[in-house]
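Beneath this line is the structure, given in structure tokens, with notes to follow.
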Amino acid sequence: MDSLRPEQRIEMVQLIAQHQSHLRGFVRSLMIRPEDVDDLVQEVNLVIWEKADQFEMGTSFWAWASQIARLKVMNQVRKYGRNRFI
């Protein structure tokens, strides 16, 4: 992340903000427990920010971010499977 220039950081913040509602809807559509959506979206945002230097500007942000979200949801669903009370 530190390798991003200031204008790239600004662009990344804009992309995250622009796709936030779509990302939230995507996560909501995949989650088993709706009460976990907000926390998971925040985790996705954190991963996106941490991996921002791996994103190639000019490519599809949505394709990249939705795959991060999908992987986070899959990890959460695995956690559900280990919890016999869910």
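Identifiers in the structure tokens: chain A, B, ... in order shown; residue index from 1 per chain; ligand index from 1 in order shown.
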Inset, instruction - Please identify all polymer residues within 12 Å of Asp39 in chain A, counting only C-alpha atoms, omitting same-chain residues fewer than 5 positions from it, and present them as a PyMOL selection string. - result: chain A and resi 24+27-28+31+33-34+44-46+69+72-73+76
Produce a file of the selected residues containing C-alpha atoms, as a PDB file, in the first residue's frame.
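Done, and the output landed in result.pdb:
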ATOM      1  CA  ARG A  24     -22.636  -4.522   0.414  1.00  0.00           C
ATOM      2  CA  VAL A  27     -21.984  -9.675   0.395  1.00  0.00           C
ATOM      3  CA  ARG A  28     -25.581  -9.632   1.675  1.00  0.00           C
ATOM      4  CA  MET A  31     -24.221 -14.366   3.628  1.00  0.00           C
ATOM      5  CA  ARG A  33     -26.555 -14.440   8.681  1.00  0.00           C
ATOM      6  CA  PRO A  34     -27.600 -10.921   7.665  1.00  0.00           C
ATOM      7  CA  VAL A  44     -13.451  -6.609   2.821  1.00  0.00           C
ATOM      8  CA  ASN A  45     -12.717  -2.878   2.751  1.00  0.00           C
ATOM      9  CA  LEU A  46      -9.672  -3.431   4.936  1.00  0.00           C
ATOM     10  CA  ALA A  69     -15.503 -10.256  -0.993  1.00  0.00           C
ATOM     11  CA  LYS A  72     -14.058 -13.422   2.718  1.00  0.00           C
ATOM     12  CA  VAL A  73     -17.646 -14.742   2.613  1.00  0.00           C
ATOM     13  CA  GLN A  76     -16.985 -16.807   7.103  1.00  0.00           C
TER      14      GLN A  76
END
Legend entry - All residues 12 Å or closer to range 7-23 of chain A, only C-alpha atoms, same chain fewer than 5 positions away omitted, as a PyMOL selection string: chain A and resi 1-2+28-30+37-38+40-70+73
Inset, instruction - Identify, with DSSP run on backbone atoms, the residues in chain A assigned to helix (DSSP H, G or I), and express the list as a PyMOL selection string. - result: chain A and resi 6-30+34-50+52-54+61-82
Residues as selected, C-alpha atoms, written as a PDB file, in the first residue's frame, can you do that?
ATOM      1  CA  PRO A   6      -0.964  10.157  -3.488  1.00  0.00           C
ATOM      2  CA  GLU A   7      -3.136  10.395  -6.615  1.00  0.00           C
ATOM      3  CA  GLN A   8      -3.445   6.585  -6.680  1.00  0.00           C
ATOM      4  CA  ARG A   9      -4.556   6.600  -3.043  1.00  0.00           C
ATOM      5  CA  ILE A  10      -7.207   9.176  -3.868  1.00  0.00           C
ATOM      6  CA  GLU A  11      -8.386   7.093  -6.827  1.00  0.00           C
ATOM      7  CA  MET A  12      -8.543   3.959  -4.643  1.00  0.00           C
ATOM      8  CA  VAL A  13     -10.643   5.769  -2.018  1.00  0.00           C
ATOM      9  CA  GLN A  14     -12.972   6.960  -4.775  1.00  0.00           C
ATOM     10  CA  LEU A  15     -13.301   3.445  -6.215  1.00  0.00           C
ATOM     11  CA  ILE A  16     -14.060   1.948  -2.800  1.00  0.00           C
ATOM     12  CA  ALA A  17     -16.690   4.617  -2.116  1.00  0.00           C
ATOM     13  CA  GLN A  18     -18.207   4.284  -5.600  1.00  0.00           C
ATOM     14  CA  HIS A  19     -18.651   0.504  -5.255  1.00  0.00           C
ATOM     15  CA  GLN A  20     -19.614   0.374  -1.571  1.00  0.00           C
ATOM     16  CA  SER A  21     -23.367  -0.158  -1.960  1.00  0.00           C
ATOM     17  CA  HIS A  22     -22.876  -2.729  -4.725  1.00  0.00           C
ATOM     18  CA  LEU A  23     -20.297  -4.520  -2.593  1.00  0.00           C
ATOM     19  CA  ARG A  24     -22.636  -4.522   0.414  1.00  0.00           C
ATOM     20  CA  GLY A  25     -25.448  -5.986  -1.694  1.00  0.00           C
ATOM     21  CA  PHE A  26     -23.135  -8.648  -3.085  1.00  0.00           C
ATOM     22  CA  VAL A  27     -21.984  -9.675   0.395  1.00  0.00           C
ATOM     23  CA  ARG A  28     -25.581  -9.632   1.675  1.00  0.00           C
ATOM     24  CA  SER A  29     -26.650 -11.950  -1.146  1.00  0.00           C
ATOM     25  CA  LEU A  30     -23.994 -14.504  -0.169  1.00  0.00           C
ATOM     26  CA  PRO A  34     -27.600 -10.921   7.665  1.00  0.00           C
ATOM     27  CA  GLU A  35     -26.393  -9.524  10.998  1.00  0.00           C
ATOM     28  CA  ASP A  36     -22.795 -10.281   9.922  1.00  0.00           C
ATOM     29  CA  VAL A  37     -22.926  -8.262   6.681  1.00  0.00           C
ATOM     30  CA  ASP A  38     -21.685  -4.929   8.067  1.00  0.00           C
ATOM     31  CA  ASP A  39     -18.699  -6.492   9.818  1.00  0.00           C
ATOM     32  CA  LEU A  40     -17.761  -8.528   6.792  1.00  0.00           C
ATOM     33  CA  VAL A  41     -18.001  -5.543   4.446  1.00  0.00           C
ATOM     34  CA  GLN A  42     -15.630  -3.677   6.751  1.00  0.00           C
ATOM     35  CA  GLU A  43     -13.217  -6.613   6.617  1.00  0.00           C
ATOM     36  CA  VAL A  44     -13.451  -6.609   2.821  1.00  0.00           C
ATOM     37  CA  ASN A  45     -12.717  -2.878   2.751  1.00  0.00           C
ATOM     38  CA  LEU A  46      -9.672  -3.431   4.936  1.00  0.00           C
ATOM     39  CA  VAL A  47      -8.322  -6.159   2.640  1.00  0.00           C
ATOM     40  CA  ILE A  48      -8.968  -3.984  -0.418  1.00  0.00           C
ATOM     41  CA  TRP A  49      -7.019  -1.153   1.185  1.00  0.00           C
ATOM     42  CA  GLU A  50      -4.174  -3.441   2.290  1.00  0.00           C
ATOM     43  CA  ALA A  52      -4.450  -1.684  -3.091  1.00  0.00           C
ATOM     44  CA  ASP A  53      -0.946  -1.774  -4.523  1.00  0.00           C
ATOM     45  CA  GLN A  54      -1.826  -5.090  -6.201  1.00  0.00           C
ATOM     46  CA  PHE A  61     -12.238  -2.646  -9.804  1.00  0.00           C
ATOM     47  CA  TRP A  62     -15.537  -4.457  -9.346  1.00  0.00           C
ATOM     48  CA  ALA A  63     -14.147  -7.768 -10.647  1.00  0.00           C
ATOM     49  CA  TRP A  64     -11.170  -7.488  -8.298  1.00  0.00           C
ATOM     50  CA  ALA A  65     -13.097  -6.330  -5.216  1.00  0.00           C
ATOM     51  CA  SER A  66     -15.933  -8.841  -5.656  1.00  0.00           C
ATOM     52  CA  GLN A  67     -13.433 -11.705  -5.665  1.00  0.00           C
ATOM     53  CA  ILE A  68     -11.965 -10.442  -2.404  1.00  0.00           C
ATOM     54  CA  ALA A  69     -15.503 -10.256  -0.993  1.00  0.00           C
ATOM     55  CA  ARG A  70     -16.347 -13.742  -2.250  1.00  0.00           C
ATOM     56  CA  LEU A  71     -13.273 -15.214  -0.553  1.00  0.00           C
ATOM     57  CA  LYS A  72     -14.058 -13.422   2.718  1.00  0.00           C
ATOM     58  CA  VAL A  73     -17.646 -14.742   2.613  1.00  0.00           C
ATOM     59  CA  MET A  74     -16.404 -18.282   1.940  1.00  0.00           C
ATOM     60  CA  ASN A  75     -14.101 -18.041   4.971  1.00  0.00           C
ATOM     61  CA  GLN A  76     -16.985 -16.807   7.103  1.00  0.00           C
ATOM     62  CA  VAL A  77     -19.253 -19.630   5.912  1.00  0.00           C
ATOM     63  CA  ARG A  78     -16.508 -22.117   6.849  1.00  0.00           C
ATOM     64  CA  LYS A  79     -16.486 -20.605  10.332  1.00  0.00           C
ATOM     65  CA  TYR A  80     -20.264 -21.101  10.491  1.00  0.00           C
ATOM     66  CA  GLY A  81     -19.741 -24.761   9.654  1.00  0.00           C
ATOM     67  CA  ARG A  82     -17.418 -25.185  12.624  1.00  0.00           C
TER      68      ARG A  82
END
